[in-house]
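input.cif follows; it contains mmCIF, C-alpha atoms and all ligand atoms.
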data_input
#
loop_
_atom_site.label_atom_id
_atom_site.label_comp_id
_atom_site.auth_asym_id
_atom_site.auth_seq_id
_atom_site.Cartn_x
_atom_site.Cartn_y
_atom_site.Cartn_z
CA MET A 151 171.03 1.30 297.90
CA LYS A 152 174.50 0.20 299.02
CA THR A 153 175.16 -1.34 295.60
CA LYS A 154 174.06 1.76 293.80
CA ARG A 155 176.52 3.88 295.76
CA LEU A 156 179.51 1.66 295.01
CA THR A 157 178.55 1.16 291.37
CA LYS A 158 177.98 4.88 290.86
CA PHE A 159 181.30 5.69 292.50
CA ARG A 160 183.18 3.13 290.42
CA LEU A 161 181.56 4.24 287.17
CA LEU A 162 182.32 7.84 288.04
CA ILE A 163 185.99 6.97 288.55
CA LEU A 164 186.09 5.04 285.26
CA ALA A 165 184.36 7.93 283.46
CA ALA A 166 186.97 10.33 284.87
CA PHE A 167 189.75 8.12 283.44
CA VAL A 168 188.01 7.90 280.07
CA ILE A 169 187.70 11.71 279.94
CA PHE A 170 191.29 12.23 281.10
CA ILE A 171 192.77 9.82 278.56
CA THR A 172 190.58 11.10 275.73
CA TYR A 173 191.68 14.66 276.50
CA GLN A 174 195.35 13.61 276.68
CA ALA A 175 195.08 11.76 273.36
CA TYR A 176 193.47 14.82 271.75
CA MET A 177 196.14 17.13 273.15
CA HIS A 178 198.80 14.76 271.81
CA GLN A 179 197.31 15.23 268.32
CA VAL A 180 197.28 19.02 268.78
CA LYS A 181 200.63 19.56 270.51
CA GLY A 182 202.57 16.48 269.36
CA GLY A 183 204.72 14.26 271.56
CA GLY A 184 207.77 16.51 271.87
CA PRO A 185 209.27 17.90 275.08
CA ASP A 186 206.52 20.58 275.24
CA GLY A 187 203.77 18.35 273.92
CA ALA A 188 201.36 15.89 275.53
CA PRO A 189 202.05 12.19 276.26
CA SER A 190 200.84 9.70 273.67
CA ILE A 191 198.36 6.97 274.49
CA HIS A 192 201.29 4.51 274.27
CA ALA A 193 203.27 6.42 276.90
CA LEU A 194 200.24 6.43 279.20
CA CYS A 195 199.46 2.72 278.87
CA PRO A 196 201.21 0.51 281.45
CA TYR A 197 201.45 -2.30 278.89
CA GLY A 198 204.18 -0.28 277.14
CA GLY A 199 206.39 -1.14 280.13
CA LEU A 200 206.15 -4.85 279.36
CA GLU A 201 206.76 -4.22 275.65
CA SER A 202 209.94 -2.34 276.54
CA LEU A 203 211.19 -4.72 279.23
CA TYR A 204 213.52 -6.86 277.10
CA THR A 205 215.17 -3.86 275.39
CA LEU A 206 215.62 -2.23 278.79
CA PHE A 207 217.46 -5.26 280.17
CA ALA A 208 219.41 -5.89 276.96
CA SER A 209 220.58 -2.36 276.20
CA GLY A 210 219.45 -0.09 279.04
CA GLU A 211 217.26 1.80 276.52
CA LEU A 212 213.50 2.09 276.21
CA ILE A 213 211.71 1.47 272.92
CA ASP A 214 210.27 4.30 270.82
CA LYS A 215 207.24 6.11 272.37
CA ILE A 216 207.90 4.57 275.81
CA TYR A 217 209.40 6.64 278.64
CA LEU A 218 210.54 6.08 282.20
CA GLY A 219 207.07 7.16 283.38
CA THR A 220 205.49 4.34 281.32
CA MET A 221 207.84 1.90 283.03
CA ALA A 222 206.80 3.35 286.41
CA LEU A 223 203.12 2.91 285.45
CA PHE A 224 203.81 -0.71 284.54
CA ILE A 225 205.52 -1.44 287.87
CA ILE A 226 202.73 0.33 289.81
CA THR A 227 200.10 -1.70 287.92
CA VAL A 228 201.95 -4.94 288.72
CA ILE A 229 202.15 -3.96 292.42
CA THR A 230 198.43 -3.10 292.40
CA ALA A 231 197.75 -6.57 290.94
CA ILE A 232 199.88 -8.28 293.59
CA VAL A 233 197.91 -6.54 296.33
CA PHE A 234 194.42 -6.24 294.80
CA ARG A 235 194.36 -8.66 291.88
CA ARG A 236 192.90 -7.11 288.72
CA GLY A 237 191.66 -4.00 290.53
CA PHE A 238 193.31 -1.96 287.75
CA CYS A 239 190.82 -3.47 285.27
CA GLY A 240 187.79 -2.91 287.48
CA TRP A 241 188.56 0.59 288.70
CA ILE A 242 191.11 2.33 286.50
CA CYS A 243 191.44 1.08 282.89
CA PRO A 244 189.57 3.48 280.57
CA LEU A 245 189.14 0.83 277.87
CA GLY A 246 187.50 -1.40 280.47
CA GLY A 247 185.32 1.55 281.52
CA LEU A 248 184.22 2.25 277.94
CA GLN A 249 183.18 -1.38 277.56
CA GLU A 250 181.09 -1.22 280.72
CA PHE A 251 179.37 1.93 279.49
CA PHE A 252 178.50 0.21 276.21
CA ALA A 253 177.26 -2.85 278.13
CA ARG A 254 175.05 -0.66 280.32
CA LEU A 255 173.65 1.05 277.25
CA GLY A 256 173.02 -2.38 275.70
CA ARG A 257 171.20 -3.57 278.82
CA LYS A 258 169.13 -0.42 278.94
CA LEU A 259 168.05 -0.69 275.32
CA MET A 260 167.70 -4.46 275.09
CA ARG A 261 166.82 -5.12 278.76
CA ARG A 262 169.28 -8.03 278.76
CA GLN A 263 172.78 -9.10 277.77
CA LEU A 264 173.55 -12.07 275.58
CA THR A 265 175.36 -15.04 277.04
CA MET A 266 178.17 -16.91 275.38
CA PRO A 267 177.83 -20.72 275.47
CA ARG A 268 180.16 -21.90 278.24
CA ALA A 269 181.94 -24.43 276.02
CA ILE A 270 182.98 -21.67 273.57
CA ASP A 271 183.57 -19.02 276.23
CA LYS A 272 185.97 -21.28 278.13
CA TYR A 273 188.34 -21.60 275.16
CA LEU A 274 187.96 -18.05 273.89
CA ARG A 275 189.23 -16.75 277.25
CA TYR A 276 192.63 -18.33 276.52
CA LEU A 277 192.97 -16.08 273.46
CA LYS A 278 194.18 -13.16 275.58
CA TYR A 279 197.14 -15.21 276.81
CA ALA A 280 198.05 -15.97 273.19
CA VAL A 281 197.81 -12.20 272.46
CA LEU A 282 200.00 -11.57 275.52
CA ILE A 283 202.71 -13.97 274.34
CA LEU A 284 202.54 -12.79 270.71
CA THR A 285 202.69 -9.06 271.50
CA ALA A 286 205.40 -9.41 274.16
CA VAL A 287 207.64 -11.69 272.07
CA TYR A 288 207.34 -9.58 268.90
CA SER A 289 207.84 -6.30 270.80
CA TRP A 290 210.98 -7.76 272.38
CA ARG A 291 212.26 -9.16 269.07
CA THR A 292 211.62 -5.97 267.08
CA ALA A 293 212.36 -3.51 269.93
CA SER A 294 209.22 -1.61 268.99
CA ILE A 295 205.52 -1.37 269.80
CA TRP A 296 204.90 -4.18 267.36
CA VAL A 297 201.20 -4.32 268.14
CA GLY A 298 200.72 -0.61 267.23
CA PRO A 299 198.85 -1.04 263.89
CA TYR A 300 196.62 -3.75 265.41
CA ASP A 301 196.03 -1.98 268.71
CA PRO A 302 192.44 -0.81 269.27
CA TRP A 303 193.64 1.54 271.99
CA ALA A 304 196.10 3.23 269.60
CA ALA A 305 193.23 3.60 267.12
CA TYR A 306 191.12 5.18 269.89
CA GLY A 307 193.94 7.60 270.72
CA HIS A 308 193.99 8.85 267.12
CA LEU A 309 190.23 9.31 266.69
CA GLY A 310 190.82 13.06 266.96
CA GLU A 311 192.38 12.90 263.48
CA GLY A 312 189.05 11.76 262.03
CA LEU A 313 187.85 8.30 261.04
CA PRO A 314 189.31 8.23 257.48
CA ALA A 315 192.81 9.03 258.83
CA VAL A 316 192.54 6.40 261.58
CA TRP A 317 191.23 3.85 259.10
CA LYS A 318 194.19 4.54 256.83
CA GLU A 319 196.74 4.18 259.64
CA PHE A 320 195.09 1.54 261.87
CA PRO A 321 192.64 -0.52 259.79
CA VAL A 322 193.01 -3.58 262.04
CA GLY A 323 193.12 -1.57 265.29
CA LEU A 324 190.00 0.40 264.35
CA SER A 325 188.17 -2.78 263.35
CA ILE A 326 189.03 -4.39 266.71
CA LEU A 327 187.91 -1.20 268.49
CA LEU A 328 184.53 -1.32 266.74
CA ILE A 329 184.20 -5.05 267.46
CA THR A 330 185.06 -4.29 271.12
CA PHE A 331 182.36 -1.63 271.45
CA ILE A 332 179.70 -3.55 269.53
CA GLY A 333 180.67 -6.77 271.33
CA SER A 334 180.43 -5.09 274.75
CA PHE A 335 177.01 -3.66 273.86
CA PHE A 336 175.76 -7.26 273.76
CA TYR A 337 178.24 -8.91 276.12
CA ASP A 338 180.01 -6.92 278.86
CA ARG A 339 183.82 -6.53 278.85
CA PHE A 340 184.15 -8.32 275.51
CA PHE A 341 187.76 -7.21 274.91
CA CYS A 342 188.82 -7.80 278.54
CA LYS A 343 187.50 -11.35 278.50
CA TYR A 344 188.97 -12.46 275.20
CA LEU A 345 191.66 -10.20 273.82
CA CYS A 346 193.39 -7.89 276.28
CA PRO A 347 197.04 -8.91 276.88
CA MET A 348 197.25 -6.62 279.92
CA GLY A 349 194.22 -8.35 281.43
CA GLY A 350 195.91 -11.70 280.74
CA LEU A 351 199.12 -10.60 282.43
CA LEU A 352 197.33 -9.13 285.47
CA GLY A 353 195.22 -12.28 285.71
CA ILE A 354 198.38 -14.40 285.97
CA ILE A 355 199.86 -12.05 288.60
CA SER A 356 196.57 -12.03 290.53
CA LYS A 357 197.11 -15.70 291.30
CA ILE A 358 199.82 -14.81 293.84
CA SER A 359 197.75 -12.09 295.52
CA PRO A 360 196.73 -12.76 299.12
CA PHE A 361 193.47 -10.85 298.46
CA LYS A 362 190.36 -13.00 298.16
CA ILE A 363 186.57 -12.79 298.08
CA LYS A 364 185.33 -15.61 300.30
CA ARG A 365 181.82 -17.07 300.24
CA ASP A 366 180.48 -18.50 303.46
CA GLU A 367 178.13 -21.30 302.46
CA SER A 368 176.31 -21.24 305.79
CA ALA A 369 175.43 -17.55 305.42
CA CYS A 370 174.72 -17.66 301.67
CA ILE A 371 171.00 -17.85 300.74
CA SER A 372 171.73 -18.77 297.08
CA CYS A 373 169.89 -15.74 295.73
CA ASN A 374 172.34 -15.68 292.80
CA LEU A 375 172.52 -11.87 292.82
CA CYS A 376 176.33 -11.94 292.94
CA THR A 377 176.53 -14.15 289.85
CA LYS A 378 174.03 -11.93 288.00
CA VAL A 379 175.97 -8.71 288.53
CA CYS A 380 179.43 -10.06 287.73
CA PRO A 381 180.60 -8.31 284.54
CA VAL A 382 182.99 -11.15 283.69
CA ASN A 383 180.43 -13.92 284.32
CA ILE A 384 182.01 -15.67 287.29
CA ASP A 385 179.53 -17.96 289.01
CA VAL A 386 180.22 -16.36 292.39
CA ALA A 387 177.22 -18.05 294.03
CA LYS A 388 178.78 -21.48 293.46
CA VAL A 389 182.40 -20.99 294.54
CA GLN A 390 183.93 -21.03 298.00
CA ALA A 391 186.34 -18.25 297.10
CA VAL A 392 186.78 -16.13 293.98
CA THR A 393 190.23 -17.15 292.79
CA SER A 394 189.61 -16.83 289.04
CA ALA A 395 192.14 -14.88 286.97
CA GLU A 396 189.08 -13.33 285.28
CA CYS A 397 187.95 -11.43 288.40
CA ILE A 398 188.47 -7.69 287.90
CA ASN A 399 187.83 -6.93 291.59
CA CYS A 400 185.00 -4.55 290.74
CA GLN A 401 183.27 -5.38 294.04
CA GLU A 402 179.85 -5.53 292.40
CA CYS A 403 179.22 -9.00 293.90
CA THR A 404 180.21 -8.17 297.48
CA SER A 405 178.21 -4.95 297.47
CA VAL A 406 175.03 -6.52 296.05
CA CYS A 407 175.06 -9.45 298.50
CA PRO A 408 172.09 -9.04 300.89
CA GLU A 409 173.36 -11.45 303.57
CA LYS A 410 175.88 -10.15 306.07
CA GLY A 411 178.99 -12.34 306.08
CA ALA A 412 178.07 -14.38 302.98
CA LEU A 413 180.66 -12.67 300.75
CA THR A 414 183.69 -11.04 302.34
CA ASN A 415 186.92 -9.46 301.18
CA ILE A 416 189.93 -10.73 303.08
CA PHE A 417 193.68 -10.90 302.85
CA SER A 418 194.49 -14.55 303.41
CA VAL A 419 197.55 -13.75 305.50
CA LYS A 420 197.51 -13.44 309.28
CA ASN A 421 194.83 -10.79 309.62
CA LYS A 422 191.57 -12.05 308.18
CA THR A 423 189.43 -9.02 308.99
CA ALA A 424 186.67 -8.46 306.43
CA ILE A 425 187.25 -5.37 304.29
CA LYS A 426 184.28 -3.33 303.07
CA PRO A 427 183.76 -3.16 299.26
CA MET A 428 184.15 0.61 299.15
CA VAL A 429 187.37 0.40 301.18
CA VAL A 430 188.74 -2.09 298.62
CA GLY A 431 187.92 0.30 295.76
CA ILE A 432 189.46 3.31 297.47
CA SER A 433 192.53 1.29 298.47
CA ILE A 434 193.10 0.27 294.82
CA LEU A 435 193.06 3.95 293.86
CA VAL A 436 195.35 4.86 296.76
CA VAL A 437 197.92 2.19 295.81
CA TYR A 438 197.84 3.28 292.15
CA PHE A 439 197.96 7.04 292.67
CA GLY A 440 200.23 6.74 295.69
CA GLY A 441 202.62 4.87 293.39
CA ILE A 442 202.42 7.61 290.77
CA ALA A 443 202.96 10.30 293.43
CA ILE A 444 206.07 8.48 294.72
CA ALA A 445 207.41 8.00 291.17
CA LYS A 446 206.81 11.69 290.45
CA ALA A 447 208.54 12.81 293.65
CA ALA A 448 211.52 10.60 292.79
CA GLY A 449 211.73 12.07 289.28
CA LEU A 450 210.83 8.71 287.74
CA TYR A 451 207.68 9.81 285.94
CA PRO A 452 208.63 11.53 282.68
CA LEU A 453 206.16 10.70 279.91
CA LEU A 454 207.75 12.98 277.31
CA PRO A 455 211.22 13.20 275.76
CA GLU A 456 213.84 15.48 277.27
CA ALA A 457 214.21 18.98 275.83
CA ILE A 458 216.80 19.36 273.04
CA THR A 459 219.82 21.40 274.08
CA GLU A 460 223.20 22.23 272.55
CA GLU A 461 224.54 19.16 274.40
CA THR A 462 222.03 16.71 272.87
CA VAL A 463 223.76 14.34 270.48
CA ILE A 464 222.07 11.82 268.16
CA THR A 465 224.10 9.56 265.93
CA ASP A 466 221.44 7.01 264.94
CA VAL A 467 219.03 8.56 262.40
CA ASP A 468 216.33 6.08 263.43
CA THR A 469 216.03 7.93 266.73
CA LEU A 470 215.21 11.25 265.04
CA LYS A 471 211.56 12.04 265.80
CA GLY A 472 208.71 13.74 263.99
CA TYR A 473 208.38 16.39 266.72
CA MET A 474 211.91 17.65 265.98
CA SER A 475 212.43 20.60 263.64
CA LEU A 476 215.09 20.78 260.90
CA SER A 477 217.04 23.13 263.19
CA ASP A 478 216.83 20.56 266.02
CA ILE A 479 218.10 17.86 263.65
CA SER A 480 220.94 20.12 262.59
CA THR A 481 221.87 20.66 266.28
CA VAL A 482 221.62 17.07 267.52
CA MET A 483 223.42 15.60 264.49
CA ASN A 484 225.94 18.39 264.24
CA ILE A 485 225.24 18.91 260.53
CA PRO A 486 224.92 22.46 259.13
CA LEU A 487 221.27 23.42 258.56
CA GLU A 488 221.76 23.99 254.79
CA GLU A 489 223.15 20.49 254.47
CA VAL A 490 220.16 19.03 256.34
CA TYR A 491 217.87 20.77 253.79
CA SER A 492 219.96 19.53 250.91
CA ARG A 493 220.37 15.90 252.04
CA MET A 494 216.70 15.57 252.98
CA GLN A 495 215.72 17.35 249.75
CA ILE A 496 213.62 19.96 251.51
CA PRO A 497 212.82 23.14 249.53
CA ALA A 498 214.03 26.40 251.11
CA GLU A 499 210.47 27.72 251.67
CA VAL A 500 209.86 25.08 254.37
CA PRO A 501 210.53 26.77 257.74
CA GLY A 502 213.36 25.28 259.77
CA ASP A 503 211.54 25.57 263.09
CA ILE A 504 208.39 23.51 262.46
CA PRO A 505 208.13 19.82 263.47
CA VAL A 506 209.28 17.69 260.55
CA LYS A 507 206.05 15.71 260.67
CA GLU A 508 204.32 18.91 259.45
CA ILE A 509 206.50 19.14 256.33
CA SER A 510 203.83 17.19 254.42
CA LYS A 511 201.84 20.47 254.40
CA TRP A 512 204.49 21.74 251.96
CA ILE A 513 205.47 18.42 250.35
CA PRO A 514 202.38 16.15 250.33
CA ASP A 515 204.30 12.91 249.68
CA PHE A 516 207.12 13.71 252.15
CA ASP A 517 208.32 10.55 253.88
CA PHE A 518 210.26 11.39 257.04
CA HIS A 519 211.57 7.85 257.52
CA GLU A 520 213.02 7.86 254.03
CA ALA A 521 214.32 11.44 254.28
CA ARG A 522 216.13 10.87 257.56
CA GLU A 523 217.99 7.92 256.05
CA ALA A 524 219.70 10.46 253.75
CA LEU A 525 221.33 11.95 256.84
CA SER A 526 223.16 8.73 257.62
CA HIS A 527 225.53 8.96 254.64
S1 LIG A 601 191.42 -6.49 280.64
FE1 LIG A 601 192.59 -4.98 279.51
S2 LIG A 601 191.08 -3.59 278.61
FE2 LIG A 601 190.08 -4.80 280.19
S3 LIG A 601 190.22 -3.53 281.97
FE3 LIG A 601 191.94 -4.91 282.08
S4 LIG A 601 193.60 -3.80 281.10
FE4 LIG A 601 191.72 -2.77 280.54
S1 LIG A 602 183.68 -11.92 291.09
FE1 LIG A 602 182.87 -10.08 292.03
S2 LIG A 602 184.63 -8.68 292.17
FE2 LIG A 602 185.17 -10.33 290.72
S3 LIG A 602 184.60 -9.49 288.72
FE3 LIG A 602 182.85 -10.68 289.43
S4 LIG A 602 181.55 -9.18 290.48
FE4 LIG A 602 183.56 -8.24 290.23
#
Can you present the structure in this file as structure tokens?
Ligand code: SF4
Ligand code: SF4
Amino acid sequence: MKTKRLTKFRLLILAAFVIFITYQAYMHQVKGGGPDGAPSIHALCPYGGLESLYTLFASGELIDKIYLGTMALFIITVITAIVFRRGFCGWICPLGGLQEFFARLGRKLMRRQLTMPRAIDKYLRYLKYAVLILTAVYSWRTASIWVGPYDPWAAYGHLGEGLPAVWKEFPVGLSILLITFIGSFFYDRFFCKYLCPMGGLLGIISKISPFKIKRDESACISCNLCTKVCPVNIDVAKVQAVTSAECINCQECTSVCPEKGALTNIFSVKNKTAIKPMVVGISILVVYFGGIAIAKAAGLYPLLPEAITEETVITDVDTLKGYMSLSDISTVMNIPLEEVYSRMQIPAEVPGDIPVKEISKWIPDFDFHEAREALSH
């Protein structure tokens, strides 16, 4: 009964995040990512903070599609990991939630989940650290979201455009997304275990967390229930304390344990009072949302670009964005509107106040990146 309550609560929270992010991604497609639009899935993903870190230190700028609010989300996620290990993965991440829903569906339909041979599983789990290094290094070197075309989460965020459009733009990302969902149907948290760079990073940070799940051998009756419910296949019933970087702090093991005192949550600092599973879950949410509330109050949570005013100046054409109109471009670059039309070779019937990314409705093969280059001479 106790387990059901915690599991239901956690799944409800994860479902709420899935719905929220899906809605935001859809609104981003509808309204765009301009000052009056909706944040992109990149802006809402804390991993964007890591991708932007080098550029921030090197030039004081953030990379394209990443805003101060993304950086705040990254710092809050790191703090959450220092305090509660990978609680972000177990209680907040919508991609993690989607995988659990597929795994539950798989268990319901097949009455079991497959297991991966330990010898293979052990090595495959290192893959996510390779993905972490690769994506961080290439983002830093290219000062961009290098992983974008290969990112299953970016593919998910564009599903509102229809599968053919997503396939055209993110063939690799969409393939990984499908593999993630199909994989999780048979084997829970497939992407988290093997591929997620954020999970890899939080796993490394979790090693310095004072939070631990301790197993008291004298109280444990070796029923194995904790091992059975663990979504990331940690053999909880055999360890003295869960210290694995794989643990997503979902609290399924502690809440299923039938023996009082056999599995307890503690902070291994001075105060070793046992913390109830539900309190751990709620505390993770409090740290995360408390962090967002503080960032918002301090004005450090913008997830959209600033509004364009007469004072806005852009000299680098690469920083012109698809949400801007031809009139905006004329203002920020201080070039007369007629000249913008002429240099970008835009016919006069195209309105000057629509986002340039919509110009393809008038000129099907319009390439904004190419056209904006013409403004640099
Ligand atoms: S491992 Fe990655 S995808 Fe999985 S829950 Fe954590 S952040 Fe999300
Ligand atoms: S060890 Fe326990 S808290 Fe950690 S992932 Fe497994 S079930 Fe969840």
Would you compute the box with edges along x, y and z of the file around ligand LIG 601 (chain A), including every atom the file lists for it and 3 Å extra on each side, and give its centre and edge lengths in Å to one decimal, as AutoDock Vina command-line options?
--center_x 191.8 --center_y -4.6 --center_z 280.3 --size_x 9.5 --size_y 9.7 --size_z 9.5
Sorted by chain and rising residue number, which residues of chain A lie within 9 Å of ligand LIG 602 (chain A), and what are their closest atom pairs and distances in Å to one decimal, counting all atoms listed in the file, as CSV?
residue,atom,partner,partner_atom,distance
A:Arg236,CA,A:LIG602,FE2,8.6
A:Gly237,CA,A:LIG602,S2,8.6
A:Gly240,CA,A:LIG602,FE4,7.3
A:Ile363,CA,A:LIG602,S2,7.5
A:Cys376,CA,A:LIG602,S4,6.4
A:Thr377,CA,A:LIG602,S4,7.1
A:Lys378,CA,A:LIG602,S4,8.4
A:Val379,CA,A:LIG602,S4,5.9
A:Cys380,CA,A:LIG602,S4,3.6
A:Pro381,CA,A:LIG602,FE3,5.9
A:Val382,CA,A:LIG602,S3,5.5
A:Asn383,CA,A:LIG602,FE3,6.5
A:Ile384,CA,A:LIG602,FE3,5.5
A:Asp385,CA,A:LIG602,S1,7.6
A:Val386,CA,A:LIG602,S1,5.8
A:Val392,CA,A:LIG602,S1,6.0
A:Thr393,CA,A:LIG602,S1,8.6
A:Ser394,CA,A:LIG602,S1,8.0
A:Glu396,CA,A:LIG602,S3,6.8
A:Cys397,CA,A:LIG602,FE2,3.8
A:Ile398,CA,A:LIG602,S3,4.3
A:Asn399,CA,A:LIG602,S2,3.7
A:Cys400,CA,A:LIG602,FE4,4.0
A:Gln401,CA,A:LIG602,S2,4.0
A:Glu402,CA,A:LIG602,S4,4.5
A:Cys403,CA,A:LIG602,S4,4.1
A:Thr404,CA,A:LIG602,FE1,6.4
A:Ser405,CA,A:LIG602,FE1,8.8
A:Val406,CA,A:LIG602,S4,9.0
Could you give me, as a short mmCIF file (atom, residue, chain, number, x, y, z; two decimals) with C-alpha atoms, in the coordinates of the input, every polymer residue with an atom at most 10 Å away from an atom of ligand LIG 601 (chain A), counting all atoms listed in the file?
data_model
loop_
_atom_site.label_atom_id
_atom_site.label_comp_id
_atom_site.auth_asym_id
_atom_site.auth_seq_id
_atom_site.Cartn_x
_atom_site.Cartn_y
_atom_site.Cartn_z
CA CYS A 195 199.46 2.72 278.87
CA PRO A 196 201.21 0.51 281.45
CA TYR A 197 201.45 -2.30 278.89
CA THR A 227 200.10 -1.70 287.92
CA ARG A 236 192.90 -7.11 288.72
CA GLY A 237 191.66 -4.00 290.53
CA PHE A 238 193.31 -1.96 287.75
CA CYS A 239 190.82 -3.47 285.27
CA GLY A 240 187.79 -2.91 287.48
CA TRP A 241 188.56 0.59 288.70
CA ILE A 242 191.11 2.33 286.50
CA CYS A 243 191.44 1.08 282.89
CA PRO A 244 189.57 3.48 280.57
CA LEU A 245 189.14 0.83 277.87
CA GLY A 246 187.50 -1.40 280.47
CA GLY A 247 185.32 1.55 281.52
CA LEU A 248 184.22 2.25 277.94
CA GLN A 249 183.18 -1.38 277.56
CA GLU A 250 181.09 -1.22 280.72
CA LYS A 278 194.18 -13.16 275.58
CA PRO A 302 192.44 -0.81 269.27
CA TRP A 303 193.64 1.54 271.99
CA THR A 330 185.06 -4.29 271.12
CA ARG A 339 183.82 -6.53 278.85
CA PHE A 340 184.15 -8.32 275.51
CA PHE A 341 187.76 -7.21 274.91
CA CYS A 342 188.82 -7.80 278.54
CA LYS A 343 187.50 -11.35 278.50
CA TYR A 344 188.97 -12.46 275.20
CA LEU A 345 191.66 -10.20 273.82
CA CYS A 346 193.39 -7.89 276.28
CA PRO A 347 197.04 -8.91 276.88
CA MET A 348 197.25 -6.62 279.92
CA GLY A 349 194.22 -8.35 281.43
CA GLY A 350 195.91 -11.70 280.74
CA LEU A 351 199.12 -10.60 282.43
CA LEU A 352 197.33 -9.13 285.47
CA GLY A 353 195.22 -12.28 285.71
CA GLU A 396 189.08 -13.33 285.28
CA CYS A 397 187.95 -11.43 288.40
CA ILE A 398 188.47 -7.69 287.90
#
What are the nearest atom pairs, with distances in Å to one decimal, for all residues of segment 439-495 of chain A that come at most 7 Å from segment 500-509 of chain A, using all atoms listed in the file, set out by chain and rising residue number as CSV?
residue,atom,partner,partner_atom,distance
A:Gly472,CA,A:Lys507,CA,4.7
A:Tyr473,CA,A:Pro505,CA,4.7
A:Met474,CA,A:Pro505,CA,5.0
A:Ser475,CA,A:Pro505,CA,4.4
A:Leu476,CA,A:Gly502,CA,5.0
A:Ser477,CA,A:Gly502,CA,5.5
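Counting from atom CA of Asp214 of chain A, the distance to atom CA of Tyr288 of chain A is 14.3 Å.
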_Please list as a list of chain:residue names every residue within 12 Å of Tyr173 of chain A, counting all atoms listed in the file and excluding residues in the same chain fewer than 4 positions away._
A:Ala166, A:Phe167, A:Val168, A:Ile169, A:Met177, A:His178, A:Gln179, A:Val180, A:Lys181, A:Ala188, A:Pro189, A:Ser190, A:Ile191, A:Tyr306, A:Gly307, A:His308, A:Leu309, A:Gly310
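The residue that comes closest to Gly312 of chain A, out of A:Leu164, A:Val463, A:Tyr176, A:Arg261 and on the basis of only C-alpha atoms, is A:Tyr176.
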Tell me which protein, DNA and RNA residues are within 12 Å of Gly323 of chain A, counting all atoms listed in the file, leaving out same-chain ones fewer than 3 positions away, and put them as a JSON list (two decimals) with C-alpha atoms, in the frame of the given file.
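Result file follows (out17.json):
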[["chain", "number", "residue", "atom", "x", "y", "z"],
["A", 297, "VAL", "CA", 201.20, -4.32, 268.14],
["A", 298, "GLY", "CA", 200.72, -0.61, 267.23],
["A", 299, "PRO", "CA", 198.85, -1.04, 263.89],
["A", 300, "TYR", "CA", 196.62, -3.75, 265.41],
["A", 301, "ASP", "CA", 196.03, -1.98, 268.71],
["A", 302, "PRO", "CA", 192.44, -0.81, 269.27],
["A", 303, "TRP", "CA", 193.64, 1.54, 271.99],
["A", 304, "ALA", "CA", 196.10, 3.23, 269.60],
["A", 305, "ALA", "CA", 193.23, 3.60, 267.12],
["A", 306, "TYR", "CA", 191.12, 5.18, 269.89],
["A", 307, "GLY", "CA", 193.94, 7.60, 270.72],
["A", 308, "HIS", "CA", 193.99, 8.85, 267.12],
["A", 309, "LEU", "CA", 190.23, 9.31, 266.69],
["A", 313, "LEU", "CA", 187.85, 8.30, 261.04],
["A", 316, "VAL", "CA", 192.54, 6.40, 261.58],
["A", 317, "TRP", "CA", 191.23, 3.85, 259.10],
["A", 318, "LYS", "CA", 194.19, 4.54, 256.83],
["A", 319, "GLU", "CA", 196.74, 4.18, 259.64],
["A", 320, "PHE", "CA", 195.09, 1.54, 261.87],
["A", 326, "ILE", "CA", 189.03, -4.39, 266.71],
["A", 327, "LEU", "CA", 187.91, -1.20, 268.49],
["A", 328, "LEU", "CA", 184.53, -1.32, 266.74],
["A", 329, "ILE", "CA", 184.20, -5.05, 267.46],
["A", 330, "THR", "CA", 185.06, -4.29, 271.12]]
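The interatomic distance for the pair atom CA of Val436 of chain A and atom CA of Leu161 of chain A works out to 16.8 Å.
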_Separation of atom CA of Ser433 of chain A from atom CA of Ala369 of chain A, in Å and rounded to one decimal_ = 26.4 Å
*Name the residues in contact with segment 408-416 of chain A at a cut-off of 7 Å, using all atoms listed in the file, excluding same-chain residues fewer than 3 positions from it; report them as a PyMOL selection string.*
chain A and resi 361-367+369-370+404+422-426
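Counting all atoms listed in the file, the residue from A:Ile513, A:Leu255, A:Met221, A:Ala165 that sits nearest to Ile332 of chain A is A:Leu255.
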*Please identify all polymer residues within 10 Å of Thr459 of chain A, counting all atoms listed in the file, omitting same-chain residues fewer than 5 positions from it, and present them as a PyMOL selection string.*
chain A and resi 478+481-482
*Within 7 Å of (207.0, -0.2, 271.3), in the coordinates the file gives, what residues turn up when you count only C-alpha atoms, written out as a ChimeraX atom specification?*
/A:198,201-202,213-216,289,293-296
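Within 10 Å of the point (198.7, -11.4, 294.8), counting all atoms listed in the file, the protein and nucleic acid residues come to Val228, Ile229, Thr230, Ala231, Ile232, Val233, Phe234, Arg235, Arg236, Leu352, Gly353, Ile354, Ile355, Ser356, Lys357, Ile358, Ser359, Pro360, Phe361, Lys362 and Phe417 of chain A.
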